[in-house]
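File shown: coords18.cif. Contents: mmCIF, C-alpha atoms.
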data_final
#
loop_
_atom_site.group_PDB
_atom_site.id
_atom_site.type_symbol
_atom_site.label_atom_id
_atom_site.label_comp_id
_atom_site.auth_asym_id
_atom_site.auth_seq_id
_atom_site.Cartn_x
_atom_site.Cartn_y
_atom_site.Cartn_z
ATOM 1 C CA ARG A 1 58.469 -59.767 -28.600
ATOM 2 C CA ASP A 2 54.913 -59.554 -29.868
ATOM 3 C CA TRP A 3 53.500 -61.021 -26.634
ATOM 4 C CA SER A 4 55.683 -58.868 -24.370
ATOM 5 C CA SER A 5 54.397 -55.729 -26.101
ATOM 6 C CA ASP A 6 50.849 -56.757 -25.260
ATOM 7 C CA VAL A 7 51.796 -57.208 -21.601
ATOM 8 C CA CYS A 8 53.881 -54.033 -21.285
ATOM 9 C CA SER A 9 51.184 -51.726 -22.642
ATOM 10 C CA PRO A 10 48.824 -52.051 -19.625
ATOM 11 C CA ILE A 11 51.732 -51.255 -17.305
ATOM 12 C CA SER A 12 52.511 -48.144 -19.356
ATOM 13 C CA VAL A 13 48.946 -46.955 -19.945
ATOM 14 C CA SER A 14 47.283 -47.644 -16.576
ATOM 15 C CA PRO A 15 48.940 -44.788 -14.616
ATOM 16 C CA LEU A 16 47.802 -42.276 -17.259
ATOM 17 C CA LEU A 17 44.095 -43.138 -17.193
ATOM 18 C CA PRO A 18 43.011 -41.228 -14.040
ATOM 19 C CA ALA A 19 44.517 -38.051 -15.484
ATOM 20 C CA ALA A 20 42.787 -38.739 -18.808
ATOM 21 C CA LEU A 21 39.436 -38.911 -17.016
ATOM 22 C CA SER A 22 40.011 -35.446 -15.596
ATOM 23 C CA ARG A 23 39.975 -34.132 -19.191
ATOM 24 C CA ILE A 24 37.403 -36.326 -20.935
ATOM 25 C CA SER A 25 34.265 -38.153 -19.793
ATOM 26 C CA LEU A 26 34.142 -41.860 -19.014
ATOM 27 C CA PRO A 27 31.940 -42.658 -22.062
ATOM 28 C CA THR A 28 34.357 -40.709 -24.268
ATOM 29 C CA LEU A 29 37.278 -42.756 -22.930
ATOM 30 C CA LEU A 30 35.465 -46.019 -23.651
ATOM 31 C CA THR A 31 34.469 -44.876 -27.139
ATOM 32 C CA LEU A 32 38.019 -43.836 -27.995
ATOM 33 C CA ALA A 33 39.333 -47.183 -26.694
ATOM 34 C CA ALA A 34 36.922 -49.043 -28.979
ATOM 35 C CA LEU A 35 37.834 -46.939 -32.016
ATOM 36 C CA VAL A 36 41.574 -47.406 -31.438
ATOM 37 C CA SER A 37 41.068 -51.164 -30.989
ATOM 38 C CA ALA A 38 39.131 -51.406 -34.254
ATOM 39 C CA ALA A 39 41.819 -49.504 -36.143
ATOM 40 C CA ALA A 40 44.571 -51.655 -34.605
ATOM 41 C CA PHE A 41 42.835 -54.881 -35.655
ATOM 42 C CA ILE A 42 42.698 -53.749 -39.285
ATOM 43 C CA ALA A 43 46.303 -52.530 -39.169
ATOM 44 C CA LEU A 44 47.473 -55.920 -37.852
ATOM 45 C CA LYS A 45 46.482 -57.505 -41.157
ATOM 46 C CA ALA A 46 47.710 -54.604 -43.275
ATOM 47 C CA TYR A 47 51.243 -54.628 -41.772
ATOM 48 C CA GLU A 48 52.416 -58.202 -41.287
ATOM 49 C CA SER A 49 55.867 -57.844 -39.760
ATOM 50 C CA VAL A 50 57.208 -58.635 -36.305
ATOM 51 C CA TRP A 51 58.016 -55.010 -35.492
ATOM 52 C CA ALA A 52 54.692 -53.712 -36.774
ATOM 53 C CA TRP A 53 52.820 -56.337 -34.754
ATOM 54 C CA ALA A 54 54.833 -55.511 -31.624
ATOM 55 C CA LEU A 55 53.832 -51.856 -31.930
ATOM 56 C CA LEU A 56 50.227 -52.617 -32.837
ATOM 57 C CA ARG A 57 49.872 -55.130 -30.013
ATOM 58 C CA PHE A 58 51.164 -52.409 -27.674
ATOM 59 C CA VAL A 59 48.466 -50.057 -28.988
ATOM 60 C CA LEU A 60 45.811 -52.780 -28.828
ATOM 61 C CA GLY A 61 46.800 -53.692 -25.278
ATOM 62 C CA GLY A 62 46.664 -50.033 -24.243
ATOM 63 C CA SER A 63 43.187 -49.554 -25.670
ATOM 64 C CA ALA A 64 42.004 -52.767 -23.998
ATOM 65 C CA THR A 65 43.426 -51.506 -20.703
ATOM 66 C CA ALA A 66 41.457 -48.285 -21.074
ATOM 67 C CA ALA A 67 38.317 -50.336 -21.742
ATOM 68 C CA PHE A 68 38.983 -52.512 -18.667
ATOM 69 C CA PHE A 69 39.640 -49.481 -16.506
ATOM 70 C CA GLY A 70 36.629 -47.512 -17.681
ATOM 71 C CA SER A 71 34.099 -50.330 -17.597
ATOM 72 C CA GLU A 72 35.187 -51.638 -14.188
ATOM 73 C CA LEU A 73 35.202 -48.122 -12.748
ATOM 74 C CA TRP A 74 31.706 -47.555 -14.107
ATOM 75 C CA ILE A 75 30.273 -50.791 -12.691
ATOM 76 C CA MET A 76 31.960 -50.329 -9.299
ATOM 77 C CA THR A 77 30.561 -46.803 -9.039
ATOM 78 C CA ALA A 78 27.052 -47.684 -10.173
ATOM 79 C CA ALA A 79 26.511 -51.042 -8.409
ATOM 80 C CA PRO A 80 24.695 -50.903 -5.032
ATOM 81 C CA ALA A 81 26.918 -52.151 -2.211
ATOM 82 C CA ALA A 82 24.506 -54.901 -1.106
ATOM 83 C CA ARG A 83 24.456 -56.481 -4.572
ATOM 84 C CA ARG A 84 27.901 -55.479 -5.820
ATOM 85 C CA GLY A 85 29.076 -59.075 -6.098
ATOM 86 C CA PHE A 86 26.162 -59.940 -8.375
ATOM 87 C CA PHE A 87 26.729 -56.942 -10.628
ATOM 88 C CA ILE A 88 30.482 -57.605 -10.795
ATOM 89 C CA GLY A 89 29.610 -61.190 -11.729
ATOM 90 C CA LEU A 90 27.253 -59.938 -14.439
ATOM 91 C CA TYR A 91 29.983 -57.651 -15.746
ATOM 92 C CA GLY A 92 32.452 -60.547 -15.655
ATOM 93 C CA LEU A 93 29.975 -62.698 -17.583
ATOM 94 C CA CYS A 94 29.824 -60.131 -20.393
ATOM 95 C CA LEU A 95 33.607 -59.811 -20.327
ATOM 96 C CA SER A 96 34.053 -63.570 -20.517
ATOM 97 C CA LEU A 97 31.621 -63.848 -23.429
ATOM 98 C CA GLY A 98 34.001 -61.516 -25.238
ATOM 99 C CA PHE A 99 36.878 -63.864 -24.404
ATOM 100 C CA VAL A 100 34.842 -66.782 -25.744
ATOM 101 C CA ALA A 101 34.103 -64.850 -28.937
ATOM 102 C CA GLY A 102 37.810 -64.507 -29.780
ATOM 103 C CA PRO A 103 38.792 -68.185 -30.160
ATOM 104 C CA SER A 104 35.336 -68.944 -31.561
ATOM 105 C CA VAL A 105 35.995 -66.517 -34.423
ATOM 106 C CA LEU A 106 39.324 -68.233 -35.119
ATOM 107 C CA TRP A 107 37.607 -71.608 -35.205
ATOM 108 C CA LEU A 108 34.983 -70.432 -37.668
ATOM 109 C CA MET A 109 37.154 -68.406 -40.024
ATOM 110 C CA ASP A 110 40.255 -68.851 -42.138
ATOM 111 C CA ILE A 111 43.018 -67.309 -40.025
ATOM 112 C CA GLU A 112 45.039 -66.537 -43.166
ATOM 113 C CA GLY A 113 42.515 -64.017 -44.480
ATOM 114 C CA TRP A 114 40.973 -60.735 -43.383
ATOM 115 C CA GLY A 115 38.031 -62.386 -41.619
ATOM 116 C CA PRO A 116 39.290 -62.549 -38.009
ATOM 117 C CA PHE A 117 40.723 -59.029 -38.145
ATOM 118 C CA VAL A 118 37.527 -57.549 -39.558
ATOM 119 C CA ALA A 119 35.519 -59.484 -36.956
ATOM 120 C CA GLY A 120 37.704 -58.105 -34.151
ATOM 121 C CA ALA A 121 37.261 -54.574 -35.466
ATOM 122 C CA ALA A 122 33.501 -55.073 -35.812
ATOM 123 C CA LEU A 123 33.157 -56.371 -32.246
ATOM 124 C CA SER A 124 35.164 -53.397 -30.998
ATOM 125 C CA LEU A 125 32.848 -50.982 -32.801
ATOM 126 C CA LEU A 126 29.794 -52.881 -31.574
ATOM 127 C CA SER A 127 30.875 -52.276 -27.982
ATOM 128 C CA ILE A 128 30.258 -48.553 -28.481
ATOM 129 C CA ALA A 129 26.490 -49.137 -28.729
ATOM 130 C CA PRO A 130 25.811 -49.719 -24.993
ATOM 131 C CA VAL A 131 28.104 -46.817 -24.111
ATOM 132 C CA ILE A 132 26.027 -44.471 -26.276
ATOM 133 C CA TRP A 133 22.816 -45.909 -24.824
ATOM 134 C CA ALA A 134 23.932 -45.200 -21.223
ATOM 135 C CA TRP A 135 25.953 -42.035 -21.955
ATOM 136 C CA ARG A 136 23.767 -39.705 -19.854
ATOM 137 C CA ASP A 137 23.886 -42.026 -16.840
ATOM 138 C CA ALA A 138 27.667 -42.299 -16.692
ATOM 139 C CA PRO A 139 29.330 -41.342 -13.373
ATOM 140 C CA THR A 140 31.250 -38.073 -13.360
ATOM 141 C CA GLY A 141 34.073 -36.525 -11.362
ATOM 142 C CA LEU A 142 36.182 -39.692 -11.401
ATOM 143 C CA GLY A 143 39.473 -38.370 -12.769
ATOM 144 C CA GLY A 144 42.488 -37.049 -10.948
ATOM 145 C CA PRO A 145 46.226 -36.463 -11.224
ATOM 146 C CA PRO A 146 48.537 -39.449 -11.734
ATOM 147 C CA GLN A 147 49.613 -41.103 -8.485
ATOM 148 C CA PRO A 148 53.314 -41.746 -7.805
ATOM 149 C CA LEU A 149 54.369 -45.379 -7.896
ATOM 150 C CA ALA A 150 55.154 -45.355 -4.178
ATOM 151 C CA GLY A 151 51.621 -44.174 -3.439
ATOM 152 C CA THR A 152 50.144 -47.025 -5.465
ATOM 153 C CA ALA A 153 52.523 -49.611 -4.002
ATOM 154 C CA ARG A 154 51.255 -48.885 -0.485
ATOM 155 C CA PHE A 155 48.127 -50.872 -1.284
ATOM 156 C CA PHE A 156 50.267 -54.026 -1.216
ATOM 157 C CA ARG A 157 50.735 -53.237 2.490
ATOM 158 C CA THR A 158 47.233 -51.993 3.326
ATOM 159 C CA ASP A 159 45.224 -54.389 1.107
ATOM 160 C CA PRO A 160 47.570 -57.285 0.318
ATOM 161 C CA SER A 161 44.891 -59.897 -0.374
ATOM 162 C CA VAL A 162 43.252 -57.763 -3.054
ATOM 163 C CA MET A 163 46.488 -56.631 -4.676
ATOM 164 C CA PHE A 164 48.094 -60.068 -4.832
ATOM 165 C CA ALA A 165 44.824 -61.504 -6.139
ATOM 166 C CA VAL A 166 45.039 -59.003 -8.991
ATOM 167 C CA VAL A 167 48.644 -60.069 -9.655
ATOM 168 C CA LEU A 168 47.572 -63.721 -9.717
ATOM 169 C CA PHE A 169 44.656 -62.908 -12.004
ATOM 170 C CA GLY A 170 47.013 -61.145 -14.425
ATOM 171 C CA ALA A 171 49.434 -64.066 -14.424
ATOM 172 C CA VAL A 172 46.718 -66.656 -15.071
ATOM 173 C CA GLU A 173 44.691 -64.584 -17.526
ATOM 174 C CA PHE A 174 47.456 -63.089 -19.645
ATOM 175 C CA GLY A 175 49.720 -66.116 -19.291
ATOM 176 C CA GLY A 176 46.959 -68.510 -20.280
ATOM 177 C CA PHE A 177 45.597 -66.543 -23.201
ATOM 178 C CA ALA A 178 48.998 -65.531 -24.561
ATOM 179 C CA LEU A 179 51.106 -68.637 -24.000
ATOM 180 C CA LEU A 180 48.811 -71.693 -23.987
ATOM 181 C CA PRO A 181 48.329 -71.761 -27.787
ATOM 182 C CA ALA A 182 52.078 -71.500 -28.372
ATOM 183 C CA TRP A 183 52.710 -74.199 -25.752
ATOM 184 C CA GLY A 184 50.044 -76.435 -27.308
ATOM 185 C CA GLU A 185 51.545 -76.198 -30.784
ATOM 186 C CA ALA A 186 55.022 -76.858 -29.382
ATOM 187 C CA ARG A 187 53.610 -80.026 -27.761
ATOM 188 C CA GLY A 188 52.322 -81.193 -31.141
ATOM 189 C CA LEU A 189 48.659 -80.176 -30.885
ATOM 190 C CA THR A 190 46.862 -79.016 -33.990
ATOM 191 C CA GLU A 191 46.281 -75.315 -34.425
ATOM 192 C CA ALA A 192 42.564 -75.730 -33.693
ATOM 193 C CA ALA A 193 43.245 -77.739 -30.519
ATOM 194 C CA ALA A 194 45.793 -75.184 -29.290
ATOM 195 C CA ILE A 195 43.309 -72.362 -29.812
ATOM 196 C CA GLY A 196 40.665 -74.499 -28.128
ATOM 197 C CA MET A 197 42.509 -74.321 -24.808
ATOM 198 C CA ILE A 198 41.772 -70.591 -24.726
ATOM 199 C CA PHE A 199 38.109 -71.372 -25.353
ATOM 200 C CA TRP A 200 37.942 -73.605 -22.269
ATOM 201 C CA ILE A 201 39.521 -70.941 -20.051
ATOM 202 C CA ALA A 202 37.018 -68.409 -21.334
ATOM 203 C CA LEU A 203 34.134 -70.863 -20.900
ATOM 204 C CA GLY A 204 35.082 -71.420 -17.260
ATOM 205 C CA ASN A 205 35.119 -67.662 -16.783
ATOM 206 C CA THR A 206 31.687 -67.406 -18.359
ATOM 207 C CA VAL A 207 29.992 -70.214 -16.446
ATOM 208 C CA LEU A 208 31.330 -69.321 -12.994
ATOM 209 C CA GLN A 209 31.000 -65.522 -12.990
ATOM 210 C CA LEU A 210 27.417 -65.211 -11.746
ATOM 211 C CA PRO A 211 27.668 -68.045 -9.179
ATOM 212 C CA MET A 212 30.844 -66.454 -7.781
ATOM 213 C CA GLY A 213 29.229 -63.025 -7.683
ATOM 214 C CA TRP A 214 26.113 -64.416 -5.987
ATOM 215 C CA THR A 215 28.287 -66.231 -3.429
ATOM 216 C CA ALA A 216 30.399 -63.129 -2.770
ATOM 217 C CA ASP A 217 27.296 -61.270 -1.550
ATOM 218 C CA ARG A 218 26.595 -64.004 1.022
ATOM 219 C CA VAL A 219 29.928 -65.212 2.422
ATOM 220 C CA ASN A 220 33.201 -63.720 3.614
ATOM 221 C CA ARG A 221 34.727 -62.285 0.445
ATOM 222 C CA LYS A 222 38.339 -62.674 1.543
ATOM 223 C CA GLY A 223 37.732 -66.349 2.246
ATOM 224 C CA LEU A 224 36.187 -66.791 -1.183
ATOM 225 C CA LEU A 225 39.129 -64.921 -2.708
ATOM 226 C CA ALA A 226 41.593 -67.215 -0.934
ATOM 227 C CA LEU A 227 39.749 -70.295 -2.187
ATOM 228 C CA ALA A 228 39.773 -68.985 -5.759
ATOM 229 C CA ALA A 229 43.498 -68.213 -5.511
ATOM 230 C CA LEU A 230 44.201 -71.730 -4.199
ATOM 231 C CA VAL A 231 42.305 -73.282 -7.117
ATOM 232 C CA CYS A 232 44.278 -71.082 -9.567
ATOM 233 C CA VAL A 233 47.611 -72.155 -8.081
ATOM 234 C CA ILE A 234 46.658 -75.849 -8.082
ATOM 235 C CA GLY A 235 45.373 -75.539 -11.655
#
Output the structure of this file as structure tokens.
Amino acid sequence: RDWSSDVCSPISVSPLLPAALSRISLPTLLTLAALVSAAAFIALKAYESVWAWALLRFVLGGSATAAFFGSELWIMTAAPAARRGFFIGLYGLCLSLGFVAGPSVLWLMDIEGWGPFVAGAALSLLSIAPVIWAWRDAPTGLGGPPQPLAGTARFFRTDPSVMFAVVLFGAVEFGGFALLPAWGEARGLTEAAAIGMIFWIALGNTVLQLPMGWTADRVNRKGLLALAALVCVIG
């Protein structure tokens, strides 16, 4: 139930974000997402029950979705077309370092105490710093009314390779991060070893981001996408 809440929140929040950007600026959206994430991390420790965690994971997943949406929209708008792959790779590198930080914190701290929750809140608040630094350079005029589901679904017909790649990414990323530790413990691994599997996924993300971005600027991107999808399926 806890995991499903984390997955359902992006589905619920994503359609609302374009309309939100028509009312507030992109830096404001990112700042609010960070503040909500920090508060949710602290609340996770304060209210240790299944139902409280389900609700808080929903809130945490929604704020993370807003951060994904805002940061990716910003980088896609600001990156020059000729070097977009490189800048997306650089963005992905920073994102993956955040994924590495999560299991690393759990390795270094006692998971029974406040440490990991305070660390998560602190990292969320720290992410506001670059937003403030670049506030004046943020793109504007990006918001709009919510699109009907049928209008969004048409992209599966017009751009199937991109859309199904996103679906595959979600399955691998969320499935791996959410379920691998539970699977590892069920197979008899120690808690540290089960958490370590997340670390290796995140490390692969970190190491390969810039090479993939560099390659994407020099080869057929759909071919590269197909190769990456094939490797995901085989893996």
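Relative to atom CA of Gly89 of chain A, atom CA of Ile75 of chain A is found at 10.5 Å.
For the file at hand, the PyMOL selection byres ((chain A and resi 10) around 12) resolves to Ser4, Ser5, Asp6, Val7, Cys8, Ser9, Ile11, Ser12, Val13, Ser14, Pro15, Leu16, Leu17, Arg57, Phe58, Val59, Leu60, Gly61, Gly62, Ser63, Ala64, Thr65, Ala66, Ala67, Phe68, Phe69, Gly170 and Phe174 of chain A.
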Restricting the output to C-alpha atoms, write the selected residues as a compact mmCIF listing (two decimals), in the coordinates of the input.
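Output saved as result.txt:
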# COMPACT_ATOMS: atom_id res chain seq x y z
CA SER A 4 55.68 -58.87 -24.37
CA SER A 5 54.40 -55.73 -26.10
CA ASP A 6 50.85 -56.76 -25.26
CA VAL A 7 51.80 -57.21 -21.60
CA CYS A 8 53.88 -54.03 -21.28
CA SER A 9 51.18 -51.73 -22.64
CA ILE A 11 51.73 -51.26 -17.30
CA SER A 12 52.51 -48.14 -19.36
CA VAL A 13 48.95 -46.96 -19.94
CA SER A 14 47.28 -47.64 -16.58
CA PRO A 15 48.94 -44.79 -14.62
CA LEU A 16 47.80 -42.28 -17.26
CA LEU A 17 44.10 -43.14 -17.19
CA ARG A 57 49.87 -55.13 -30.01
CA PHE A 58 51.16 -52.41 -27.67
CA VAL A 59 48.47 -50.06 -28.99
CA LEU A 60 45.81 -52.78 -28.83
CA GLY A 61 46.80 -53.69 -25.28
CA GLY A 62 46.66 -50.03 -24.24
CA SER A 63 43.19 -49.55 -25.67
CA ALA A 64 42.00 -52.77 -24.00
CA THR A 65 43.43 -51.51 -20.70
CA ALA A 66 41.46 -48.28 -21.07
CA ALA A 67 38.32 -50.34 -21.74
CA PHE A 68 38.98 -52.51 -18.67
CA PHE A 69 39.64 -49.48 -16.51
CA GLY A 170 47.01 -61.14 -14.42
CA PHE A 174 47.46 -63.09 -19.64
field: Picked residues, the PyMOL selection byres ((chain A and resi 201) around 10), expected as a ChimeraX atom specification
entry: /A:96,99-100,172-173,176-177,196-200,202-206
Ala81 of chain A proximity check over A:Trp51, A:Arg136, A:Leu189, A:Ala216, using all atoms listed in the file: winner is A:Ala216
Within 9 Å of (47.6, -53.0, -32.8) (file coordinates; all atoms listed in the file), which protein or nucleic acid residues are there? I'd like them as a PDB file with C-alpha atoms, keeping the file's coordinate frame.
ATOM      1  CA  VAL A  36      41.574 -47.406 -31.438  1.00  0.00           C
ATOM      2  CA  SER A  37      41.068 -51.164 -30.989  1.00  0.00           C
ATOM      3  CA  ALA A  38      39.131 -51.406 -34.254  1.00  0.00           C
ATOM      4  CA  ALA A  39      41.819 -49.504 -36.143  1.00  0.00           C
ATOM      5  CA  ALA A  40      44.571 -51.655 -34.605  1.00  0.00           C
ATOM      6  CA  PHE A  41      42.835 -54.881 -35.655  1.00  0.00           C
ATOM      7  CA  ILE A  42      42.698 -53.749 -39.285  1.00  0.00           C
ATOM      8  CA  ALA A  43      46.303 -52.530 -39.169  1.00  0.00           C
ATOM      9  CA  LEU A  44      47.473 -55.920 -37.852  1.00  0.00           C
ATOM     10  CA  ALA A  52      54.692 -53.712 -36.774  1.00  0.00           C
ATOM     11  CA  TRP A  53      52.820 -56.337 -34.754  1.00  0.00           C
ATOM     12  CA  ALA A  54      54.833 -55.511 -31.624  1.00  0.00           C
ATOM     13  CA  LEU A  55      53.832 -51.856 -31.930  1.00  0.00           C
ATOM     14  CA  LEU A  56      50.227 -52.617 -32.837  1.00  0.00           C
ATOM     15  CA  ARG A  57      49.872 -55.130 -30.013  1.00  0.00           C
ATOM     16  CA  PHE A  58      51.164 -52.409 -27.674  1.00  0.00           C
ATOM     17  CA  VAL A  59      48.466 -50.057 -28.988  1.00  0.00           C
ATOM     18  CA  LEU A  60      45.811 -52.780 -28.828  1.00  0.00           C
ATOM     19  CA  GLY A  61      46.800 -53.692 -25.278  1.00  0.00           C
TER      20      GLY A  61
END
*Residue members of the PyMOL selection byres ((chain A and resi 102) around 10) in the file shown, as a PyMOL selection string*: chain A and resi 97-101+103-107+116+119-120+123+195+198-199+202
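The two atoms in question, atom CA of Gly141 of chain A and atom CA of Ser25 of chain A, are spaced 8.6 Å apart.
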A straight line from atom CA of Val219 of chain A to atom CA of Ser161 of chain A spans 16.1 Å
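Of the listed residues (A:Leu73, A:Ala134, A:Phe87, A:Thr140), A:Thr140 comes nearest to Ile24 of chain A; the distances count all atoms listed in the file.
Ranking A:Leu125, A:Ala193, A:Ala182, A:Ala171 by their shortest atom-to-atom distance to Leu32 of chain A, with all atoms listed in the file included, puts A:Leu125 first.
When all atoms listed in the file are used to compute distances to Val131 of chain A, the closest of the residues A:Ile234, A:Ala34, A:Ala228, A:Leu90 turns out to be A:Ala34.
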Residue with the minimum atom-to-atom distance to Asp159 of chain A, picked from A:Leu95, A:Ala79, A:Glu48, A:Lys222 with all atoms listed in the file counted, is A:Lys222
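Residue nearest Thr31 of chain A within the list A:Ala82, A:Ile128, A:Ile88, A:Ala153: A:Ile128 [criterion: smallest interatomic distance, all atoms listed in the file].
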To box segment 82-93 of chain A, take all atoms listed in the file, fit an axis-aligned box, add 6 Å on each side, and give centre and edge lengths in Å to one decimal, as JSON.
{"center_x": 28.5, "center_y": -58.8, "center_z": -9.3, "size_x": 20.0, "size_y": 19.8, "size_z": 28.5}
Got a minute to add N, CA and C atoms to segment 23-49 of chain A and dump it as an mmCIF file, keeping the file's coordinate frame?
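And here is the file that came out, part_1.cif:
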data_model
loop_
_atom_site.group_PDB
_atom_site.id
_atom_site.type_symbol
_atom_site.label_atom_id
_atom_site.label_comp_id
_atom_site.auth_asym_id
_atom_site.auth_seq_id
_atom_site.Cartn_x
_atom_site.Cartn_y
_atom_site.Cartn_z
ATOM 1 N N ARG A 23 40.082 -34.975 -17.992
ATOM 2 C CA ARG A 23 39.975 -34.132 -19.191
ATOM 3 C C ARG A 23 38.826 -34.557 -20.105
ATOM 4 N N ILE A 24 38.499 -35.840 -20.099
ATOM 5 C CA ILE A 24 37.403 -36.326 -20.935
ATOM 6 C C ILE A 24 36.467 -37.163 -20.070
ATOM 7 N N SER A 25 35.247 -37.381 -20.554
ATOM 8 C CA SER A 25 34.265 -38.153 -19.793
ATOM 9 C C SER A 25 34.555 -39.642 -19.903
ATOM 10 N N LEU A 26 33.966 -40.410 -18.993
ATOM 11 C CA LEU A 26 34.142 -41.860 -19.014
ATOM 12 C C LEU A 26 33.601 -42.483 -20.305
ATOM 13 N N PRO A 27 32.398 -42.101 -20.782
ATOM 14 C CA PRO A 27 31.940 -42.658 -22.062
ATOM 15 C C PRO A 27 32.857 -42.309 -23.230
ATOM 16 N N THR A 28 33.427 -41.095 -23.205
ATOM 17 C CA THR A 28 34.357 -40.709 -24.268
ATOM 18 C C THR A 28 35.593 -41.597 -24.248
ATOM 19 N N LEU A 29 36.113 -41.878 -23.055
ATOM 20 C CA LEU A 29 37.278 -42.756 -22.930
ATOM 21 C C LEU A 29 36.986 -44.138 -23.499
ATOM 22 N N LEU A 30 35.823 -44.688 -23.158
ATOM 23 C CA LEU A 30 35.465 -46.019 -23.651
ATOM 24 C C LEU A 30 35.262 -46.024 -25.164
ATOM 25 N N THR A 31 34.677 -44.959 -25.688
ATOM 26 C CA THR A 31 34.469 -44.876 -27.139
ATOM 27 C C THR A 31 35.798 -44.779 -27.872
ATOM 28 N N LEU A 32 36.701 -43.960 -27.374
ATOM 29 C CA LEU A 32 38.019 -43.836 -27.995
ATOM 30 C C LEU A 32 38.776 -45.167 -27.947
ATOM 31 N N ALA A 33 38.666 -45.878 -26.817
ATOM 32 C CA ALA A 33 39.333 -47.183 -26.694
ATOM 33 C C ALA A 33 38.819 -48.152 -27.745
ATOM 34 N N ALA A 34 37.502 -48.152 -27.975
ATOM 35 C CA ALA A 34 36.922 -49.043 -28.979
ATOM 36 C C ALA A 34 37.369 -48.670 -30.382
ATOM 37 N N LEU A 35 37.418 -47.382 -30.689
ATOM 38 C CA LEU A 35 37.834 -46.939 -32.016
ATOM 39 C C LEU A 35 39.300 -47.287 -32.282
ATOM 40 N N VAL A 36 40.154 -47.074 -31.281
ATOM 41 C CA VAL A 36 41.574 -47.406 -31.438
ATOM 42 C C VAL A 36 41.748 -48.909 -31.613
ATOM 43 N N SER A 37 40.991 -49.709 -30.851
ATOM 44 C CA SER A 37 41.068 -51.164 -30.989
ATOM 45 C C SER A 37 40.671 -51.602 -32.392
ATOM 46 N N ALA A 38 39.589 -51.041 -32.909
ATOM 47 C CA ALA A 38 39.131 -51.406 -34.254
ATOM 48 C C ALA A 38 40.192 -51.080 -35.295
ATOM 49 N N ALA A 39 40.777 -49.893 -35.190
ATOM 50 C CA ALA A 39 41.819 -49.504 -36.143
ATOM 51 C C ALA A 39 43.039 -50.410 -36.031
ATOM 52 N N ALA A 40 43.406 -50.792 -34.805
ATOM 53 C CA ALA A 40 44.571 -51.655 -34.605
ATOM 54 C C ALA A 40 44.344 -53.036 -35.201
ATOM 55 N N PHE A 41 43.129 -53.575 -35.073
ATOM 56 C CA PHE A 41 42.835 -54.881 -35.655
ATOM 57 C C PHE A 41 43.038 -54.868 -37.169
ATOM 58 N N ILE A 42 42.541 -53.838 -37.830
ATOM 59 C CA ILE A 42 42.698 -53.749 -39.285
ATOM 60 C C ILE A 42 44.166 -53.585 -39.652
ATOM 61 N N ALA A 43 44.889 -52.771 -38.880
ATOM 62 C CA ALA A 43 46.303 -52.530 -39.169
ATOM 63 C C ALA A 43 47.143 -53.789 -38.976
ATOM 64 N N LEU A 44 46.728 -54.683 -38.073
ATOM 65 C CA LEU A 44 47.473 -55.920 -37.852
ATOM 66 C C LEU A 44 47.549 -56.757 -39.130
ATOM 67 N N LYS A 45 46.475 -56.761 -39.904
ATOM 68 C CA LYS A 45 46.482 -57.505 -41.157
ATOM 69 C C LYS A 45 47.211 -56.744 -42.261
ATOM 70 N N ALA A 46 47.105 -55.420 -42.220
ATOM 71 C CA ALA A 46 47.710 -54.604 -43.275
ATOM 72 C C ALA A 46 49.234 -54.588 -43.181
ATOM 73 N N TYR A 47 49.787 -54.707 -41.974
ATOM 74 C CA TYR A 47 51.243 -54.628 -41.772
ATOM 75 C C TYR A 47 51.717 -55.893 -41.072
ATOM 76 N N GLU A 48 52.042 -56.912 -41.852
ATOM 77 C CA GLU A 48 52.416 -58.202 -41.287
ATOM 78 C C GLU A 48 53.933 -58.312 -41.152
ATOM 79 N N SER A 49 54.454 -57.686 -40.108
ATOM 80 C CA SER A 49 55.867 -57.844 -39.760
ATOM 81 C C SER A 49 55.968 -57.904 -38.243
#
